[in-house]
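Okay, structure first, notes after.
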Amino acid sequence: MSTALREKSYFDTRATQEMARHLRAAPRGIQQTMAYACRILAMTGQEAGLAGQISVRSERPGAYWTLRFGLGFDEATPADFIEVDRDLHTLTGEGMANPATRFHLWVYEARPDVQSIIHTHSPWASALAAARQPLVISQMDMTPLHDDCAFLGEWPGVPIADQEGVIISEALGRKRAIILAHHGYLTAGGSCEEATYLSVYLERAARMQIRAQAFGPLTPVDDALAREAHDYLLKPSIVRATFDYWARQTHGIAPLPLPAA
């Protein structure tokens, strides 16, 4: 081709405009979105008994929605979410919150931009946590976490009191994810869809890192290129469309229609 090469910014702008036009978000309420998020986490192997937690900031100040304690992610339905206040008293719905969600309050207070939090003890991220290894961004699919995944090197204990909330929220800082040594991970998104998206990609990144280390030391992606990929892969239209795809997957793969006779 003899055509002059166009700047990447041209293609980025065009793709962003076209995605905004064609990738329309599926209409859902908070509870339905949270139920799908739980099912997605279960589908991707992130359940850990009752240890997993999900919350979404409520419109009521100082309150959030969360899965009632006693259910696993794979069981969640829209009716299973309750609204609780700062002291975990139930305001809406029936049941109690997981006592370990108390640290979510500290993250919400420190980060007005955070609308949803997910915390799990998923197998691969927990393996990194057990080895006290921070994430190394060494492949493109890991770049949504580039310069966006903190690391807490010392476990503060079961996070059912206020002190753990202070420690975890301070360690998270302005990032959207954190690996908690000897524990698991947390993602903090601008939406439930984004927190879920980050959770799935963090677990995949941890798996990839552990497998790749069998071949030798990891080489981080170039900082500028990783930053570019981070911003591209976290475009809201991509996040929403990916969440919608995973939500459809929780229903199973539909059979192909039979050809017309």
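Residue names in the structure tokens use chain letters A, B, ... in the order shown, residue numbers from 1 in each chain, and ligand numbers from 1 in the order shown.
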
Using only C-alpha atoms, which residues of segment 122-162 of chain A come within 7 Å of segment 193-213 of chain A, and what is the closest atom pair for each, with the distance in Å to one decimal? Give it as a Markdown table, sorted by chain and residue number.
```
| residue | atom | partner | partner_atom | distance |
| --- | --- | --- | --- | --- |
| A:Ser122 | CA | A:Glu203 | CA | 6.9 |
| A:Trp124 | CA | A:Arg207 | CA | 5.1 |
| A:Ala125 | CA | A:Ala206 | CA | 5.2 |
| A:Leu128 | CA | A:Ala206 | CA | 6.7 |
| A:Leu135 | CA | A:Ala206 | CA | 6.9 |
| A:Met142 | CA | A:Ala205 | CA | 5.2 |
```

Since we have the selection now, will you write its residues out, keeping C-alpha atoms, as an mmCIF file, in the first residue's frame?
```cif
data_model
loop_
_atom_site.group_PDB
_atom_site.id
_atom_site.type_symbol
_atom_site.label_atom_id
_atom_site.label_comp_id
_atom_site.auth_asym_id
_atom_site.auth_seq_id
_atom_site.Cartn_x
_atom_site.Cartn_y
_atom_site.Cartn_z
ATOM 1 C CA SER A 122 -9.705 -16.599 44.064
ATOM 2 C CA TRP A 124 -4.543 -17.715 41.318
ATOM 3 C CA ALA A 125 -4.610 -14.266 42.934
ATOM 4 C CA LEU A 128 0.303 -14.641 44.467
ATOM 5 C CA LEU A 135 1.576 -8.301 39.965
ATOM 6 C CA MET A 142 -2.708 -7.831 32.085
#
```

Do you have, as a Markdown table, the list of residues of segment 166-214 of chain A lying at most 12 Å from segment 93-113 of chain A, each with its nearest atom pair and that distance in Å to one decimal, counting only C-alpha atoms and ordered by chain then number?
```
| residue | atom | partner | partner_atom | distance |
| --- | --- | --- | --- | --- |
| A:Val166 | CA | A:Trp106 | CA | 6.3 |
| A:Ile167 | CA | A:Phe103 | CA | 9.0 |
| A:Ile168 | CA | A:Phe103 | CA | 7.4 |
| A:Ser169 | CA | A:Val107 | CA | 5.0 |
| A:Glu170 | CA | A:Ala110 | CA | 8.3 |
| A:Ala171 | CA | A:Val107 | CA | 10.1 |
| A:Leu172 | CA | A:Val107 | CA | 8.3 |
| A:Gly173 | CA | A:Ala110 | CA | 8.4 |
| A:Arg174 | CA | A:Arg111 | CA | 7.6 |
| A:Lys175 | CA | A:Arg111 | CA | 9.8 |
| A:Arg176 | CA | A:Asp113 | CA | 10.1 |
| A:Ala177 | CA | A:Val107 | CA | 11.4 |
| A:Ile178 | CA | A:Val107 | CA | 11.8 |
| A:Leu186 | CA | A:His104 | CA | 9.8 |
| A:Thr187 | CA | A:Val107 | CA | 10.5 |
| A:Ala188 | CA | A:Val107 | CA | 8.3 |
| A:Gly189 | CA | A:Asp113 | CA | 8.0 |
| A:Gly190 | CA | A:Asp113 | CA | 6.0 |
| A:Ser191 | CA | A:Asp113 | CA | 9.3 |
```

Within 10 Å of Phe243 of chain A using only C-alpha atoms, minus same-chain residues under 3 positions, as a PyMOL selection string
chain A and resi 25-26+33+36-37+40+192-194+196-197+237-240+246-249

Just the helix (DSSP H, G or I) stuff from segment 28-237 of chain A, please, per backbone DSSP, written as number ranges by chain.
A: 30-43, 73-75, 78-80, 99-110, 123-130, 140-145, 162-172, 192-215, 223-233, 236-237

As a ChimeraX atom specification, please: the residues near Arg227 of chain A (cut-off 12 Å, only C-alpha atoms, same-chain neighbours under 6 positions excluded).
/A:137,140,142-148,220-221,233-234

I'd like the interatomic distance between atom CA of Pro78 of chain A and atom CA of Ser116 of chain A, to a tenth of an Å.
16.1 Å

For atom CA of Lys235 of chain A and atom CA of His251 of chain A, determine how far apart the two atoms are, in Å to one decimal place.
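Between atom CA of Lys235 of chain A and atom CA of His251 of chain A the gap is 25.4 Å.
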
Taking only segment 79-176 of chain A into account, list the residues labelled strand (DSSP E) by DSSP (computed from the backbone), as a ChimeraX atom specification.
/A:81-84,90-92,116-120,149-152

Keeping only all heavy atoms, write those residues as a short mmCIF file (atom, residue, chain, number, x, y, z; two decimals), in the first residue's frame.
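Below is the file again_19.cif, written as the result:
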```
data_model
loop_
_atom_site.label_atom_id
_atom_site.label_comp_id
_atom_site.auth_asym_id
_atom_site.auth_seq_id
_atom_site.Cartn_x
_atom_site.Cartn_y
_atom_site.Cartn_z
N PHE A 81 -29.97 -9.28 47.65
CA PHE A 81 -29.10 -8.16 48.01
C PHE A 81 -29.80 -7.25 49.01
O PHE A 81 -31.00 -6.98 48.89
CB PHE A 81 -28.66 -7.40 46.76
CG PHE A 81 -27.79 -8.24 45.88
CD1 PHE A 81 -28.35 -9.03 44.88
CD2 PHE A 81 -26.42 -8.31 46.10
CE1 PHE A 81 -27.55 -9.86 44.10
CE2 PHE A 81 -25.62 -9.13 45.32
CZ PHE A 81 -26.19 -9.90 44.32
N ILE A 82 -29.04 -6.83 49.99
CA ILE A 82 -29.58 -5.98 51.05
C ILE A 82 -28.80 -4.67 51.11
O ILE A 82 -27.65 -4.59 50.67
CB ILE A 82 -29.50 -6.69 52.43
CG1 ILE A 82 -28.04 -7.04 52.78
CG2 ILE A 82 -30.39 -7.92 52.45
CD1 ILE A 82 -27.87 -7.62 54.18
N GLU A 83 -29.45 -3.65 51.61
CA GLU A 83 -28.81 -2.35 51.81
C GLU A 83 -28.48 -2.22 53.29
O GLU A 83 -29.34 -2.47 54.14
CB GLU A 83 -29.75 -1.23 51.37
CG GLU A 83 -29.15 0.16 51.45
CD GLU A 83 -30.17 1.25 51.15
OE1 GLU A 83 -31.39 1.00 51.34
OE2 GLU A 83 -29.76 2.35 50.76
N VAL A 84 -27.24 -1.86 53.59
CA VAL A 84 -26.82 -1.74 54.99
C VAL A 84 -26.20 -0.37 55.24
O VAL A 84 -25.72 0.29 54.32
CB VAL A 84 -25.82 -2.85 55.37
CG1 VAL A 84 -26.46 -4.22 55.24
CG2 VAL A 84 -24.55 -2.77 54.52
N THR A 90 -29.12 -3.66 58.67
CA THR A 90 -29.86 -3.82 57.43
C THR A 90 -30.95 -2.75 57.31
O THR A 90 -31.79 -2.62 58.20
CB THR A 90 -30.49 -5.23 57.35
OG1 THR A 90 -29.43 -6.20 57.42
CG2 THR A 90 -31.25 -5.42 56.06
N LEU A 91 -30.92 -2.02 56.21
CA LEU A 91 -31.89 -0.96 55.96
C LEU A 91 -32.99 -1.41 55.00
O LEU A 91 -34.13 -1.00 55.12
CB LEU A 91 -31.18 0.27 55.37
CG LEU A 91 -30.05 0.87 56.19
CD1 LEU A 91 -29.37 1.99 55.40
CD2 LEU A 91 -30.58 1.40 57.52
N THR A 92 -32.61 -2.21 54.03
CA THR A 92 -33.54 -2.69 53.01
C THR A 92 -33.28 -4.17 52.76
O THR A 92 -32.13 -4.57 52.59
CB THR A 92 -33.37 -1.93 51.68
OG1 THR A 92 -33.48 -0.52 51.92
CG2 THR A 92 -34.42 -2.35 50.67
N SER A 116 -18.24 0.57 43.38
CA SER A 116 -18.43 -0.85 43.64
C SER A 116 -17.11 -1.50 44.05
O SER A 116 -16.04 -1.11 43.56
CB SER A 116 -18.97 -1.54 42.38
OG SER A 116 -19.17 -2.92 42.58
N ILE A 117 -17.20 -2.47 44.96
CA ILE A 117 -16.03 -3.17 45.47
C ILE A 117 -16.27 -4.67 45.40
O ILE A 117 -17.36 -5.15 45.76
CB ILE A 117 -15.72 -2.76 46.92
CG1 ILE A 117 -15.33 -1.29 46.99
CG2 ILE A 117 -14.62 -3.64 47.52
CD1 ILE A 117 -15.29 -0.74 48.41
N ILE A 118 -15.26 -5.40 44.94
CA ILE A 118 -15.30 -6.86 44.95
C ILE A 118 -14.05 -7.36 45.67
O ILE A 118 -12.95 -6.86 45.43
CB ILE A 118 -15.36 -7.43 43.52
CG1 ILE A 118 -16.72 -7.13 42.89
CG2 ILE A 118 -15.10 -8.94 43.52
CD1 ILE A 118 -16.83 -7.50 41.43
N HIS A 119 -14.25 -8.33 46.54
CA HIS A 119 -13.12 -8.95 47.25
C HIS A 119 -13.33 -10.46 47.21
O HIS A 119 -14.40 -10.95 47.58
CB HIS A 119 -13.05 -8.47 48.69
CG HIS A 119 -12.13 -9.30 49.55
ND1 HIS A 119 -10.78 -9.40 49.31
CD2 HIS A 119 -12.38 -10.08 50.64
CE1 HIS A 119 -10.23 -10.19 50.21
NE2 HIS A 119 -11.18 -10.63 51.02
N THR A 120 -12.33 -11.20 46.72
CA THR A 120 -12.43 -12.65 46.75
C THR A 120 -11.08 -13.27 47.12
O THR A 120 -10.05 -12.59 47.12
CB THR A 120 -12.87 -13.25 45.39
OG1 THR A 120 -11.73 -13.39 44.53
CG2 THR A 120 -13.94 -12.42 44.71
N CYS A 149 -2.65 -1.57 40.27
CA CYS A 149 -2.81 -2.67 41.21
C CYS A 149 -1.78 -2.51 42.33
O CYS A 149 -0.58 -2.72 42.12
CB CYS A 149 -2.63 -4.02 40.50
SG CYS A 149 -2.97 -5.45 41.57
N ALA A 150 -2.26 -2.13 43.48
CA ALA A 150 -1.39 -1.93 44.64
C ALA A 150 -1.06 -3.28 45.28
O ALA A 150 -1.56 -4.33 44.86
CB ALA A 150 -2.07 -1.00 45.65
N PHE A 151 -0.21 -3.23 46.30
CA PHE A 151 0.20 -4.46 46.98
C PHE A 151 0.34 -4.16 48.47
O PHE A 151 1.04 -3.22 48.86
CB PHE A 151 1.52 -4.96 46.42
CG PHE A 151 2.03 -6.23 47.07
CD1 PHE A 151 1.43 -7.44 46.79
CD2 PHE A 151 3.09 -6.19 47.96
CE1 PHE A 151 1.88 -8.61 47.37
CE2 PHE A 151 3.54 -7.36 48.56
CZ PHE A 151 2.94 -8.57 48.26
N LEU A 152 -0.35 -4.96 49.29
CA LEU A 152 -0.23 -4.85 50.74
C LEU A 152 0.55 -6.06 51.23
O LEU A 152 0.08 -7.19 51.13
CB LEU A 152 -1.63 -4.82 51.39
CG LEU A 152 -1.67 -4.76 52.92
CD1 LEU A 152 -0.97 -3.51 53.45
CD2 LEU A 152 -3.10 -4.81 53.43
#
```

Residue nearest Leu225 of chain A - candidates A:Ala241, A:His183, A:Gln139, A:Thr16, atoms counted: only C-alpha atoms:
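For Leu225 of chain A, the nearest of the candidates is A:Gln139.
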
Excluding Gly72 of chain A and residues on its chain fewer than 3 positions from it, collect all residues at most 12 Å away from it, counting only C-alpha atoms, and give them as an mmCIF file with N, CA and C atoms, in the first residue's frame.
```cif
data_model
loop_
_atom_site.group_PDB
_atom_site.id
_atom_site.type_symbol
_atom_site.label_atom_id
_atom_site.label_comp_id
_atom_site.auth_asym_id
_atom_site.auth_seq_id
_atom_site.Cartn_x
_atom_site.Cartn_y
_atom_site.Cartn_z
ATOM 1 N N ALA A 35 -26.303 -9.407 40.763
ATOM 2 C CA ALA A 35 -26.514 -10.848 40.654
ATOM 3 C C ALA A 35 -25.705 -11.420 39.493
ATOM 4 N N CYS A 38 -22.038 -11.604 40.490
ATOM 5 C CA CYS A 38 -21.760 -12.773 41.323
ATOM 6 C C CYS A 38 -21.690 -14.037 40.486
ATOM 7 N N ARG A 39 -22.621 -14.184 39.544
ATOM 8 C CA ARG A 39 -22.622 -15.367 38.684
ATOM 9 C C ARG A 39 -21.376 -15.411 37.811
ATOM 10 N N LEU A 41 -18.422 -14.126 38.598
ATOM 11 C CA LEU A 41 -17.315 -14.497 39.476
ATOM 12 C C LEU A 41 -17.315 -15.996 39.736
ATOM 13 N N ALA A 42 -18.500 -16.567 39.942
ATOM 14 C CA ALA A 42 -18.588 -18.016 40.151
ATOM 15 C C ALA A 42 -18.190 -18.770 38.891
ATOM 16 N N MET A 43 -18.658 -18.282 37.740
ATOM 17 C CA MET A 43 -18.358 -18.925 36.466
ATOM 18 C C MET A 43 -16.862 -18.946 36.182
ATOM 19 N N GLY A 45 -14.535 -19.200 38.402
ATOM 20 C CA GLY A 45 -13.830 -19.950 39.432
ATOM 21 C C GLY A 45 -13.365 -19.128 40.616
ATOM 22 N N GLN A 46 -14.104 -18.051 40.946
ATOM 23 C CA GLN A 46 -13.636 -17.166 42.003
ATOM 24 C C GLN A 46 -14.383 -17.306 43.323
ATOM 25 N N GLU A 47 -15.213 -18.316 43.420
ATOM 26 C CA GLU A 47 -15.881 -18.498 44.709
ATOM 27 C C GLU A 47 -14.889 -19.085 45.713
ATOM 28 N N ALA A 48 -15.118 -18.783 46.985
ATOM 29 C CA ALA A 48 -14.270 -19.328 48.054
ATOM 30 C C ALA A 48 -15.137 -19.519 49.286
ATOM 31 N N GLY A 49 -16.161 -20.364 49.145
ATOM 32 C CA GLY A 49 -17.105 -20.514 50.235
ATOM 33 C C GLY A 49 -17.882 -19.232 50.429
ATOM 34 N N LEU A 50 -17.889 -18.716 51.650
ATOM 35 C CA LEU A 50 -18.596 -17.473 51.940
ATOM 36 C C LEU A 50 -17.637 -16.298 52.083
ATOM 37 N N ALA A 51 -16.380 -16.497 51.664
ATOM 38 C CA ALA A 51 -15.375 -15.454 51.866
ATOM 39 C C ALA A 51 -15.497 -14.308 50.862
ATOM 40 N N GLY A 52 -16.096 -14.564 49.693
ATOM 41 C CA GLY A 52 -16.182 -13.515 48.692
ATOM 42 C C GLY A 52 -17.194 -12.443 49.063
ATOM 43 N N GLN A 53 -16.928 -11.228 48.631
ATOM 44 C CA GLN A 53 -17.810 -10.106 48.945
ATOM 45 C C GLN A 53 -17.994 -9.216 47.717
ATOM 46 N N ILE A 54 -19.167 -8.637 47.602
ATOM 47 C CA ILE A 54 -19.442 -7.650 46.571
ATOM 48 C C ILE A 54 -20.308 -6.565 47.192
ATOM 49 N N LEU A 67 -24.447 -8.636 49.006
ATOM 50 C CA LEU A 67 -25.103 -9.939 49.036
ATOM 51 C C LEU A 67 -25.305 -10.359 50.483
ATOM 52 N N ARG A 68 -26.519 -10.796 50.807
ATOM 53 C CA ARG A 68 -26.765 -11.204 52.196
ATOM 54 C C ARG A 68 -25.870 -12.387 52.556
ATOM 55 N N PHE A 69 -25.395 -12.379 53.783
ATOM 56 C CA PHE A 69 -24.439 -13.368 54.247
ATOM 57 C C PHE A 69 -25.093 -14.746 54.294
ATOM 58 N N GLU A 75 -25.226 -18.709 43.805
ATOM 59 C CA GLU A 75 -26.629 -18.762 44.212
ATOM 60 C C GLU A 75 -27.339 -17.417 44.110
ATOM 61 N N ALA A 76 -26.609 -16.359 43.878
ATOM 62 C CA ALA A 76 -27.161 -15.013 43.996
ATOM 63 C C ALA A 76 -28.276 -14.748 42.994
ATOM 64 N N THR A 77 -29.358 -14.168 43.488
ATOM 65 C CA THR A 77 -30.441 -13.666 42.654
ATOM 66 C C THR A 77 -30.657 -12.204 43.029
ATOM 67 N N ASP A 80 -31.560 -11.261 46.598
ATOM 68 C CA ASP A 80 -30.665 -11.613 47.699
ATOM 69 C C ASP A 80 -29.741 -10.486 48.139
ATOM 70 N N ASN A 98 -22.130 -9.739 55.290
ATOM 71 C CA ASN A 98 -20.899 -10.405 55.702
ATOM 72 C C ASN A 98 -20.144 -9.431 56.618
ATOM 73 N N THR A 120 -12.331 -11.201 46.724
ATOM 74 C CA THR A 120 -12.429 -12.652 46.751
ATOM 75 C C THR A 120 -11.081 -13.267 47.117
#
```

Between atom CA of Thr242 of chain A and atom CA of Ser9 of chain A, what is the distance, to one decimal in Å?
23.0 Å
